[in-house]
$ cat run_7.txt   # compact mmCIF, C-alpha atoms
# COMPACT_ATOMS: atom_id res chain seq x y z
CA GLU A 15 -111.34 64.15 42.14
CA LYS A 16 -112.58 67.41 43.71
CA MET A 17 -109.63 69.45 42.44
CA ALA A 18 -110.48 68.28 38.93
CA LYS A 19 -113.76 70.18 39.25
CA VAL A 20 -111.96 73.46 39.95
CA ALA A 21 -109.13 72.94 37.44
CA ASP A 22 -110.60 75.77 35.39
CA LYS A 23 -109.71 78.16 38.26
CA VAL A 24 -106.01 77.27 38.71
CA THR A 25 -102.68 77.26 36.89
CA VAL A 26 -100.24 74.37 37.29
CA VAL A 27 -96.58 75.12 36.60
CA ARG A 28 -94.96 71.85 35.52
CA SER A 29 -91.49 73.21 34.88
CA MET A 30 -90.19 74.28 38.29
CA ALA A 31 -86.39 74.10 38.20
CA GLY A 32 -84.84 73.80 41.64
CA ARG A 33 -81.25 73.34 42.79
CA GLU A 34 -81.53 71.91 46.29
CA ALA A 35 -82.56 68.34 47.18
CA ASP A 36 -82.01 68.67 50.93
CA HIS A 37 -85.14 69.37 53.00
CA GLY A 38 -83.68 72.25 54.98
CA ARG A 39 -81.83 73.99 52.19
CA ALA A 40 -84.72 73.59 49.75
CA SER A 41 -87.28 74.79 52.28
CA TYR A 42 -85.13 77.85 52.98
CA SER A 43 -85.08 78.66 49.26
CA MET A 44 -88.82 78.28 48.86
CA PHE A 45 -89.57 80.51 51.86
CA THR A 46 -87.01 83.20 51.04
CA GLY A 47 -86.03 82.98 47.36
CA TYR A 48 -82.36 82.62 48.33
CA ARG A 49 -79.95 79.74 48.76
CA MET A 50 -78.91 79.17 52.35
CA SER A 51 -75.78 81.05 53.39
CA PRO A 52 -73.74 80.97 56.62
CA ALA A 53 -73.24 84.73 56.29
CA LEU A 54 -76.84 85.94 56.29
CA LYS A 55 -80.35 84.80 57.09
CA HIS A 56 -82.95 86.10 54.65
CA PRO A 57 -86.55 86.97 55.56
CA SER A 58 -89.40 84.72 54.50
CA MET A 59 -92.13 85.96 52.17
CA GLY A 60 -94.51 86.49 55.06
CA SER A 61 -92.08 88.70 56.93
CA VAL A 62 -91.34 90.73 53.79
CA VAL A 63 -95.08 91.28 53.31
CA ALA A 64 -95.42 92.31 56.97
CA HIS A 65 -92.52 94.73 56.53
CA GLU A 66 -93.89 96.28 53.35
CA PHE A 67 -97.59 96.50 54.22
CA GLY A 68 -97.99 96.19 58.00
CA PRO A 69 -101.06 94.97 59.91
CA ARG A 70 -104.64 95.66 58.90
CA ASN A 71 -107.98 95.65 60.76
CA GLY A 72 -106.28 95.05 64.10
CA LEU A 73 -104.92 91.70 62.89
CA PRO A 74 -101.33 90.54 62.44
CA ALA A 75 -99.99 91.00 58.93
CA TYR A 76 -98.49 87.48 58.88
CA VAL A 77 -100.07 84.39 60.44
CA SER A 78 -98.72 80.82 60.40
CA VAL A 79 -101.18 77.93 60.63
CA PRO A 80 -100.73 76.00 62.84
CA ASP A 81 -97.20 77.17 63.69
CA THR A 82 -94.21 78.94 62.20
CA ARG A 83 -92.03 76.79 59.99
CA GLU A 84 -88.28 76.69 60.64
CA TYR A 85 -87.47 78.95 57.69
CA GLY A 86 -90.59 81.10 57.84
CA GLY A 87 -88.91 83.70 60.02
CA THR A 88 -87.76 87.30 59.79
CA GLY A 89 -84.14 86.73 58.79
CA TYR A 90 -82.28 90.04 58.94
CA LEU A 91 -85.50 92.04 59.38
CA SER A 92 -86.76 93.17 62.77
CA ALA A 93 -88.40 90.59 65.00
CA LYS A 94 -91.59 92.66 64.89
CA TYR A 95 -92.25 91.22 61.40
CA ALA A 96 -92.44 87.66 62.71
CA ALA A 97 -95.40 85.41 62.09
CA PHE A 98 -98.21 85.20 64.61
CA GLY A 99 -98.22 81.53 65.61
CA LEU A 100 -101.50 80.05 66.79
CA GLY A 101 -100.05 77.89 69.55
CA SER A 102 -102.75 75.35 68.75
CA ASP A 103 -103.92 73.37 65.72
CA PRO A 104 -107.34 74.15 64.20
CA ALA A 105 -107.62 70.42 63.51
CA GLY A 106 -107.02 69.50 67.15
CA ASN A 107 -109.52 69.08 69.94
CA ASN A 108 -110.49 72.25 71.81
CA PHE A 109 -108.72 74.57 69.38
CA GLN A 110 -108.07 77.93 71.00
CA VAL A 111 -105.57 80.53 69.85
CA ARG A 112 -103.22 81.43 72.67
CA ASP A 113 -103.19 84.89 74.21
CA LEU A 114 -106.44 86.11 72.62
CA THR A 115 -108.47 86.21 75.80
CA LEU A 116 -107.90 87.59 79.29
CA GLY A 117 -107.44 85.17 82.14
CA SER A 118 -110.50 84.49 84.25
CA ASN A 119 -108.97 86.47 87.15
CA ILE A 120 -108.22 89.59 85.08
CA ASP A 121 -110.99 92.08 84.42
CA PRO A 122 -110.67 94.93 81.88
CA SER A 123 -109.61 97.53 84.47
CA ARG A 124 -106.86 95.27 85.78
CA PHE A 125 -105.78 94.61 82.19
CA GLU A 126 -105.43 98.37 81.54
CA ALA A 127 -103.53 98.85 84.82
CA ARG A 128 -101.04 96.18 83.80
CA ARG A 129 -100.66 97.83 80.42
CA ASP A 130 -99.88 101.17 82.05
CA MET A 131 -97.34 99.53 84.37
CA ARG A 132 -95.59 97.84 81.46
CA SER A 133 -95.42 101.15 79.59
CA ALA A 134 -93.77 102.86 82.58
CA VAL A 135 -91.17 100.12 82.94
CA GLU A 136 -90.45 100.08 79.20
CA ASP A 137 -90.05 103.85 79.09
CA HIS A 138 -87.26 103.50 81.64
CA PHE A 139 -85.45 100.73 79.79
CA ARG A 140 -85.92 102.42 76.43
CA SER A 141 -83.90 105.34 77.75
CA LEU A 142 -81.06 102.88 78.38
CA GLU A 143 -81.40 100.73 75.28
CA THR A 144 -78.57 100.21 72.84
CA ASN A 145 -78.87 99.55 69.15
CA SER A 146 -80.66 96.28 69.86
CA ASP A 147 -83.84 95.66 67.92
CA ALA A 148 -85.43 93.74 70.79
CA PRO A 149 -87.12 96.47 72.90
CA GLY A 150 -88.88 98.14 69.99
CA ALA A 151 -89.79 94.84 68.40
CA MET A 152 -91.32 93.55 71.62
CA ASP A 153 -93.25 96.78 71.96
CA GLU A 154 -94.76 96.17 68.51
CA PHE A 155 -95.68 92.62 69.55
CA TYR A 156 -97.35 93.83 72.73
CA ASN A 157 -99.31 96.46 70.83
CA GLN A 158 -100.56 93.83 68.40
CA ALA A 159 -101.49 91.58 71.29
CA TYR A 160 -103.40 94.41 73.03
CA THR A 161 -105.28 95.12 69.81
CA LEU A 162 -106.27 91.48 69.41
CA ILE A 163 -107.37 91.11 73.02
CA SER A 164 -109.37 94.33 73.04
CA SER A 165 -111.01 93.90 69.62
CA PRO A 166 -113.90 91.41 69.42
CA GLU A 167 -113.88 91.82 65.63
CA ALA A 168 -110.22 90.80 65.40
CA ARG A 169 -110.64 87.84 67.75
CA LYS A 170 -113.67 86.64 65.81
CA ALA A 171 -111.51 85.88 62.75
CA PHE A 172 -109.85 83.03 64.66
CA GLU A 173 -113.09 81.49 65.91
CA LEU A 174 -113.75 78.43 63.77
CA THR A 175 -116.88 77.70 65.79
CA LYS A 176 -118.51 80.61 63.97
CA GLU A 177 -118.49 78.53 60.78
CA PRO A 178 -121.65 76.57 59.95
CA GLY A 179 -121.36 72.81 60.23
CA ALA A 180 -122.04 72.46 56.52
CA MET A 181 -119.00 74.60 55.72
CA MET A 182 -116.78 72.47 57.95
CA GLU A 183 -118.06 69.38 56.14
CA ARG A 184 -117.32 71.04 52.81
CA TYR A 185 -113.67 71.58 53.73
CA GLY A 186 -113.46 68.37 55.76
CA LYS A 187 -112.82 67.98 59.48
CA THR A 188 -109.20 67.10 58.79
CA GLU A 189 -105.82 68.77 59.19
CA PRO A 190 -105.85 70.47 55.79
CA GLY A 191 -109.61 71.06 55.94
CA LEU A 192 -109.79 72.99 59.19
CA ARG A 193 -106.48 74.76 58.63
CA LEU A 194 -107.56 76.06 55.22
CA LEU A 195 -110.99 76.98 56.53
CA LEU A 196 -109.32 79.11 59.20
CA ALA A 197 -107.11 80.61 56.49
CA ARG A 198 -110.21 81.67 54.56
CA ARG A 199 -111.60 83.36 57.68
CA LEU A 200 -108.31 85.22 58.11
CA VAL A 201 -108.31 86.31 54.47
CA GLU A 202 -111.82 87.69 54.88
CA ALA A 203 -110.82 89.53 58.06
CA GLY A 204 -107.80 91.23 56.48
CA VAL A 205 -104.69 89.19 57.32
CA ARG A 206 -102.24 89.92 54.52
CA PHE A 207 -100.17 86.72 54.41
CA ILE A 208 -101.05 83.26 55.71
CA SER A 209 -98.72 80.26 55.66
CA VAL A 210 -100.50 76.91 56.02
CA ALA A 211 -98.59 73.66 56.55
CA TYR A 212 -99.66 70.10 55.82
CA ASP A 213 -96.68 67.84 56.42
CA GLY A 214 -95.87 64.21 55.72
CA TRP A 215 -95.07 63.82 52.00
CA ASP A 216 -91.55 62.37 52.24
CA HIS A 217 -92.48 58.95 50.89
CA HIS A 218 -89.21 57.14 50.28
CA ALA A 219 -91.12 53.87 50.69
CA GLY A 220 -94.68 52.73 49.97
CA ILE A 221 -95.69 55.90 48.18
CA ALA A 222 -98.84 54.47 46.58
CA ASP A 223 -100.51 53.51 49.87
CA ALA A 224 -99.26 56.67 51.60
CA MET A 225 -100.75 58.92 48.93
CA LYS A 226 -104.11 57.20 49.22
CA LYS A 227 -104.21 58.47 52.81
CA LYS A 228 -102.64 61.91 52.33
CA LEU A 229 -104.24 63.10 49.12
CA PRO A 230 -108.03 62.83 49.67
CA PRO A 231 -108.18 65.32 52.61
CA MET A 232 -105.98 67.76 50.69
CA ASP A 233 -108.01 67.30 47.51
CA GLN A 234 -111.21 68.15 49.35
CA ALA A 235 -109.82 71.03 51.39
CA LEU A 236 -107.97 72.81 48.60
CA ALA A 237 -110.88 72.52 46.18
CA ALA A 238 -113.18 73.91 48.86
CA LEU A 239 -110.87 76.86 49.53
CA ILE A 240 -110.59 77.79 45.86
CA SER A 241 -114.30 77.51 45.11
CA ASP A 242 -115.30 79.16 48.40
CA LEU A 243 -113.07 82.19 47.79
CA ASP A 244 -114.38 82.42 44.23
CA GLU A 245 -118.00 82.36 45.39
CA ARG A 246 -117.27 85.12 47.90
CA GLY A 247 -115.61 87.28 45.23
CA LEU A 248 -112.24 87.01 46.98
CA LEU A 249 -110.26 84.74 44.66
CA ASP A 250 -109.18 87.48 42.27
CA SER A 251 -107.70 89.46 45.18
CA THR A 252 -106.19 86.45 46.97
CA LEU A 253 -103.16 84.64 45.58
CA ILE A 254 -102.88 80.95 46.50
CA LEU A 255 -99.51 79.24 46.15
CA VAL A 256 -99.36 75.47 46.74
CA THR A 257 -95.85 74.10 46.74
CA SER A 258 -93.37 71.74 48.34
CA GLU A 259 -89.66 72.31 48.73
CA PHE A 260 -88.80 70.01 45.80
CA GLY A 261 -90.26 67.13 43.77
CA ARG A 262 -89.74 63.38 43.73
CA THR A 263 -87.64 61.17 41.48
CA PRO A 264 -89.29 60.10 38.21
CA LYS A 265 -88.54 56.45 38.94
CA ILE A 266 -89.85 54.31 41.79
CA ASN A 267 -87.05 53.08 44.05
CA ALA A 268 -86.46 49.61 45.48
CA SER A 269 -88.75 50.38 48.43
CA ALA A 270 -91.72 51.32 46.22
CA GLY A 271 -91.14 54.97 47.02
CA ARG A 272 -89.70 58.07 45.40
CA ASP A 273 -86.66 60.02 46.58
CA HIS A 274 -85.80 63.74 46.62
CA PHE A 275 -85.63 65.40 43.20
CA ALA A 276 -85.16 69.10 42.58
CA ARG A 277 -84.39 69.41 38.87
CA VAL A 278 -88.02 69.52 37.73
CA TYR A 279 -91.32 69.43 39.61
CA SER A 280 -94.73 71.10 39.70
CA THR A 281 -96.42 73.78 41.74
CA MET A 282 -99.87 75.34 41.62
CA VAL A 283 -100.95 78.98 41.64
CA ALA A 284 -104.49 80.36 41.72
CA GLY A 285 -106.27 83.68 42.10
CA GLY A 286 -104.56 87.02 42.50
CA GLY A 287 -104.49 87.85 38.80
CA ILE A 288 -103.06 84.49 37.74
CA THR A 289 -104.44 82.77 34.63
CA ARG A 290 -107.20 80.24 35.12
CA GLY A 291 -107.25 76.75 33.65
CA GLN A 292 -103.67 76.72 32.36
CA ILE A 293 -100.88 74.17 32.36
CA TYR A 294 -97.64 76.14 32.06
CA GLY A 295 -94.31 74.62 31.06
CA SER A 296 -93.39 70.98 30.71
CA SER A 297 -90.74 68.44 31.58
CA ASP A 298 -88.82 66.31 29.10
CA ALA A 299 -89.78 62.81 28.00
CA THR A 300 -88.30 61.19 31.10
CA SER A 301 -89.48 63.88 33.58
CA SER A 302 -85.85 64.55 34.40
CA GLU A 303 -85.45 68.18 33.30
CA PRO A 304 -87.67 71.13 32.32
CA GLU A 305 -88.30 71.23 28.58
CA GLU A 306 -90.53 74.24 27.98
CA ASN A 307 -90.63 77.48 29.98
CA PRO A 308 -88.48 76.55 32.99
CA VAL A 309 -89.39 78.51 36.13
CA THR A 310 -86.85 79.04 38.91
CA ILE A 311 -87.84 79.60 42.52
CA GLU A 312 -86.62 83.19 42.14
CA ASN A 313 -88.97 83.66 39.18
CA LEU A 314 -91.91 82.11 41.01
CA LEU A 315 -91.49 84.28 44.10
CA ALA A 316 -90.82 87.40 42.04
CA THR A 317 -94.16 86.73 40.34
CA VAL A 318 -95.92 86.29 43.69
CA TYR A 319 -94.47 89.58 44.95
CA HIS A 320 -95.40 91.35 41.71
CA GLN A 321 -99.01 90.23 41.99
CA ILE A 322 -99.37 91.44 45.56
CA GLY A 323 -97.81 94.81 44.82
CA ILE A 324 -94.19 94.42 45.92
CA ASN A 325 -91.23 95.09 43.64
CA ALA A 326 -88.92 92.10 44.15
CA ASP A 327 -85.95 94.22 43.04
CA LYS A 328 -86.43 96.54 46.00
CA GLU A 329 -83.51 96.60 48.41
CA LEU A 330 -84.03 96.07 52.13
CA MET A 331 -81.41 96.90 54.72
CA ALA A 332 -79.53 94.02 56.30
CA PRO A 333 -77.16 94.36 59.29
CA GLY A 334 -74.22 96.61 58.60
CA ALA A 335 -76.35 98.82 56.34
CA ARG A 336 -76.07 96.32 53.51
CA PRO A 337 -78.79 96.70 50.86
CA ILE A 338 -80.17 93.31 49.84
CA GLU A 339 -82.73 92.78 47.09
CA ILE A 340 -85.93 91.04 48.16
CA ILE A 341 -85.27 88.58 45.32
CA ASP A 342 -81.95 88.55 43.49
CA GLY A 343 -82.42 88.06 39.76
CA GLY A 344 -85.98 86.78 39.68
CA GLU A 345 -88.10 87.65 36.68
CA VAL A 346 -91.90 87.83 36.61
CA VAL A 347 -93.39 84.86 34.74
CA LYS A 348 -95.63 86.83 32.42
CA GLY A 349 -97.05 83.68 30.83
CA ILE A 350 -99.12 82.92 33.92
CA LEU A 351 -100.51 86.43 34.41
CA ALA A 352 -104.14 86.92 33.46
$ encode --input "run_7.txt" --output "structure tokens"
Amino acid sequence: EKMAKVADKVTVVRSMAGREADHGRASYSMFTGYRMSPALKHPSMGSVVAHEFGPRNGLPAYVSVPDTREYGGTGYLSAKYAAFGLGSDPAGNNFQVRDLTLGSNIDPSRFEARRDMRSAVEDHFRSLETNSDAPGAMDEFYNQAYTLISSPEARKAFELTKEPGAMMERYGKTEPGLRLLLARRLVEAGVRFISVAYDGWDHHAGIADAMKKKLPPMDQALAALISDLDERGLLDSTLILVTSEFGRTPKINASAGRDHFARVYSTMVAGGGITRGQIYGSSDATSSEPEENPVTIENLLATVYHQIGINADKELMAPGARPIEIIDGGEVVKGILA
């Protein structure tokens, strides 16, 4: 209902063509653009963005709300490009991001003394370190943590209590509502990549009743995010990707549900130089295969990277000095570019 009112601001791709119908394998592909391999773990989009652009305004480059998904990690990249996990859910009671404030028994001078002590110890171990990535990566993490703790401006981005009550009502005081409202605050503050999860769509049984519960909060929250960013002049510079790991079978099963289906499904893209008010691609008459303008996951992610200023053909270095393309074979979907 509410998304219908902002349909002129989004593009729906109805011809996604996947290959994996297993939750884990399909999730891996959507996060990384690669099929799962026992030989190599690939970095997620957020970690690639962190690697290419780095932090801004004293904030982490990559934040996961409320936590880091299983395949949202760094893969073969350094651990310093990992997501900043909140450690708490914005939709929970007494939401407070971990590690952003000093303990009640630690004043600023004691904090600085501890920092100096840690530096002295690390200098010693750094002189002994091997080729391991861990010491340097942890140093980057600590530096980011110090910046967050010592910067009121950076900490403020995570403070949902700064939002007026009317804005919380607009998004909804629900899981998707408060998570997406926090995401908007992080966008405003300068976080480069935010991954937001809203789980619970695997309706193998009773899908009609389940969707009546799951959809309304998402409908309200997503419409609020899109219109809110647009009103603030941020939608054109913020790319929103709404997707699952795969779709659902065209036919209802014996349990009044739908099962896993990867061959054709839909995703939604908005902002960031994407067309507004477009339906792109289509499925065939039985919704079993793409019919017009099929879009692979590689193509979708290559388009996302293109719009945020990253060449998906660029090669990053994996262990053993192996150059690996960010996306292998993906082509930009020019038909959805504004």
$ closest_residue --input "run_7.txt" --among "A:Gly261, A:Pro80, A:Gly60, A:Pro74" --to "Asp213 in chain A" --atoms "all atoms listed in the file"
A:Pro80
$ residues_around --input "run_7.txt" --residues "Gly334 in chain A" --least-positions-apart "4" --cutoff "12 Å" --atoms "all atoms listed in the file" --output "list in words"
Leu54, Tyr90, Asn145, Leu330 and Ile338 of chain A
$ residues_near_point --input "run_7.txt" --point "(-99.4, 67.4, 29.0)" --cutoff "12 Å" --atoms "all atoms listed in the file" --output "list in words"
Val26, Val27, Arg28, Ser29, Gln292, Ile293, Tyr294, Gly295, Ser296, Ser297, Asp298, Ala299, Ser301, Glu305 and Glu306 of chain A
$ closest_residue --input "run_7.txt" --among "A:Lys170, A:Arg198, A:Arg277, A:Arg206" --to "Glu66 in chain A" --atoms "all atoms listed in the file"
A:Arg206
$ atom_distance --input "run_7.txt" --atom1 "CA of Val283 in chain A" --atom2 "CA of Ile324 in chain A"
17.4 Å
$ residues_around --input "run_7.txt" --residues "Ile340 in chain A" --least-positions-apart "6" --cutoff "8 Å" --atoms "only C-alpha atoms" --output "list in words"
Val62, Ala326, Asp327, Lys328, Glu329 and Leu330 of chain A
$ residues_around --input "run_7.txt" --residues "Ile311 in chain A" --least-positions-apart "5" --cutoff "8 Å" --atoms "all atoms listed in the file" --output "list of chain:residue names"
A:Met30, A:Ala31, A:Gly32, A:Ser43, A:Met44, A:Gly47, A:Gly344
$ write_last_selection --input "run_7.txt" --atoms "C-alpha atoms" --output "tab-separated table (two decimals), keeping the file's coordinate frame"
chain	number	residue	atom	x	y	z
A	30	MET	CA	-90.19	74.28	38.29
A	31	ALA	CA	-86.39	74.10	38.20
A	32	GLY	CA	-84.84	73.80	41.64
A	43	SER	CA	-85.08	78.66	49.26
A	44	MET	CA	-88.82	78.28	48.86
A	47	GLY	CA	-86.03	82.98	47.36
A	344	GLY	CA	-85.98	86.78	39.68
$ residues_around --input "run_7.txt" --residues "Asn71 in chain A" --least-positions-apart "5" --cutoff "10 Å" --atoms "all atoms listed in the file" --output "PDB file with C-alpha atoms, in the coordinates of the input"
ATOM      1  CA  THR A 161    -105.280  95.120  69.810  1.00  0.00           C
ATOM      2  CA  LEU A 162    -106.270  91.480  69.410  1.00  0.00           C
ATOM      3  CA  SER A 165    -111.010  93.900  69.620  1.00  0.00           C
ATOM      4  CA  GLU A 167    -113.880  91.820  65.630  1.00  0.00           C
ATOM      5  CA  ALA A 168    -110.220  90.800  65.400  1.00  0.00           C
ATOM      6  CA  ALA A 203    -110.820  89.530  58.060  1.00  0.00           C
ATOM      7  CA  GLY A 204    -107.800  91.230  56.480  1.00  0.00           C
ATOM      8  CA  VAL A 205    -104.690  89.190  57.320  1.00  0.00           C
TER       9      VAL A 205
END
$ atom_distance --input "run_7.txt" --atom1 "CA of Val77 in chain A" --atom2 "CA of Ser41 in chain A"
18.0 Å
$ residues_near_point --input "run_7.txt" --point "(-104.3, 88.0, 37.8)" --cutoff "8 Å" --atoms "all atoms listed in the file" --output "list in words"
Asp250, Gly285, Gly286, Gly287, Ile288, Thr289, Gln321, Leu351 and Ala352 of chain A
$ closest_residue --input "run_7.txt" --among "A:Arg199, A:Lys187, A:His320, A:Arg336" --to "Asn107 in chain A" --atoms "all atoms listed in the file"
A:Lys187
$ closest_residue --input "run_7.txt" --among "A:Glu183, A:Phe260, A:Thr188, A:Lys265" --to "Ile221 in chain A" --atoms "all atoms listed in the file"
A:Lys265
$ residues_around --input "run_7.txt" --residues "Gly220 in chain A" --least-positions-apart "2" --cutoff "7 Å" --atoms "only C-alpha atoms" --output "ChimeraX atom specification"
/A:217,222-224,269-271
$ write_last_selection --input "run_7.txt" --atoms "C-alpha atoms" --output "compact mmCIF listing (two decimals), in the coordinates of the input"
# COMPACT_ATOMS: atom_id res chain seq x y z
CA HIS A 217 -92.48 58.95 50.89
CA ALA A 222 -98.84 54.47 46.58
CA ASP A 223 -100.51 53.51 49.87
CA ALA A 224 -99.26 56.67 51.60
CA SER A 269 -88.75 50.38 48.43
CA ALA A 270 -91.72 51.32 46.22
CA GLY A 271 -91.14 54.97 47.02
$ closest_residue --input "run_7.txt" --among "A:Ala268, A:Leu195, A:Ile208, A:Ala332" --to "Gly179 in chain A" --atoms "all atoms listed in the file"
A:Leu195
$ atom_distance --input "run_7.txt" --atom1 "CA of Pro178 in chain A" --atom2 "CA of Leu229 in chain A"
24.5 Å
$ build_atoms --input "run_7.txt" --residues "range 100-114 of chain A" --atoms "N, CA and C atoms" --output "CSV table (one decimal), in the frame of the given file"
chain,number,residue,atom,x,y,z
A,100,LEU,N,-100.2,80.3,66.1
A,100,LEU,CA,-101.5,80.0,66.8
A,100,LEU,C,-101.3,79.4,68.2
A,101,GLY,N,-100.2,78.6,68.3
A,101,GLY,CA,-100.0,77.9,69.6
A,101,GLY,C,-101.0,76.7,69.7
A,102,SER,N,-101.8,76.4,68.7
A,102,SER,CA,-102.8,75.4,68.8
A,102,SER,C,-103.1,75.0,67.3
A,103,ASP,N,-103.6,73.8,67.1
A,103,ASP,CA,-103.9,73.4,65.7
A,103,ASP,C,-105.4,73.4,65.5
A,104,PRO,N,-105.9,74.1,64.5
A,104,PRO,CA,-107.3,74.2,64.2
A,104,PRO,C,-108.0,72.8,64.1
A,105,ALA,N,-107.1,71.8,63.7
A,105,ALA,CA,-107.6,70.4,63.5
A,105,ALA,C,-107.6,69.6,64.8
A,106,GLY,N,-107.1,70.2,65.9
A,106,GLY,CA,-107.0,69.5,67.2
A,106,GLY,C,-108.3,69.7,68.0
A,107,ASN,N,-108.4,68.9,69.0
A,107,ASN,CA,-109.5,69.1,69.9
A,107,ASN,C,-109.4,70.4,70.8
A,108,ASN,N,-110.5,71.0,71.0
A,108,ASN,CA,-110.5,72.2,71.8
A,108,ASN,C,-109.5,73.3,71.3
A,109,PHE,N,-109.6,73.6,70.0
A,109,PHE,CA,-108.7,74.6,69.4
A,109,PHE,C,-109.0,75.9,70.0
A,110,GLN,N,-107.9,76.6,70.5
A,110,GLN,CA,-108.1,77.9,71.0
A,110,GLN,C,-106.7,78.6,70.8
A,111,VAL,N,-106.8,79.8,70.1
A,111,VAL,CA,-105.6,80.5,69.8
A,111,VAL,C,-105.1,81.1,71.2
A,112,ARG,N,-103.8,80.9,71.4
A,112,ARG,CA,-103.2,81.4,72.7
A,112,ARG,C,-103.3,83.0,72.7
A,113,ASP,N,-103.4,83.5,73.9
A,113,ASP,CA,-103.2,84.9,74.2
A,113,ASP,C,-104.3,85.8,73.6
A,114,LEU,N,-105.4,85.2,73.2
A,114,LEU,CA,-106.4,86.1,72.6
A,114,LEU,C,-107.5,86.5,73.6
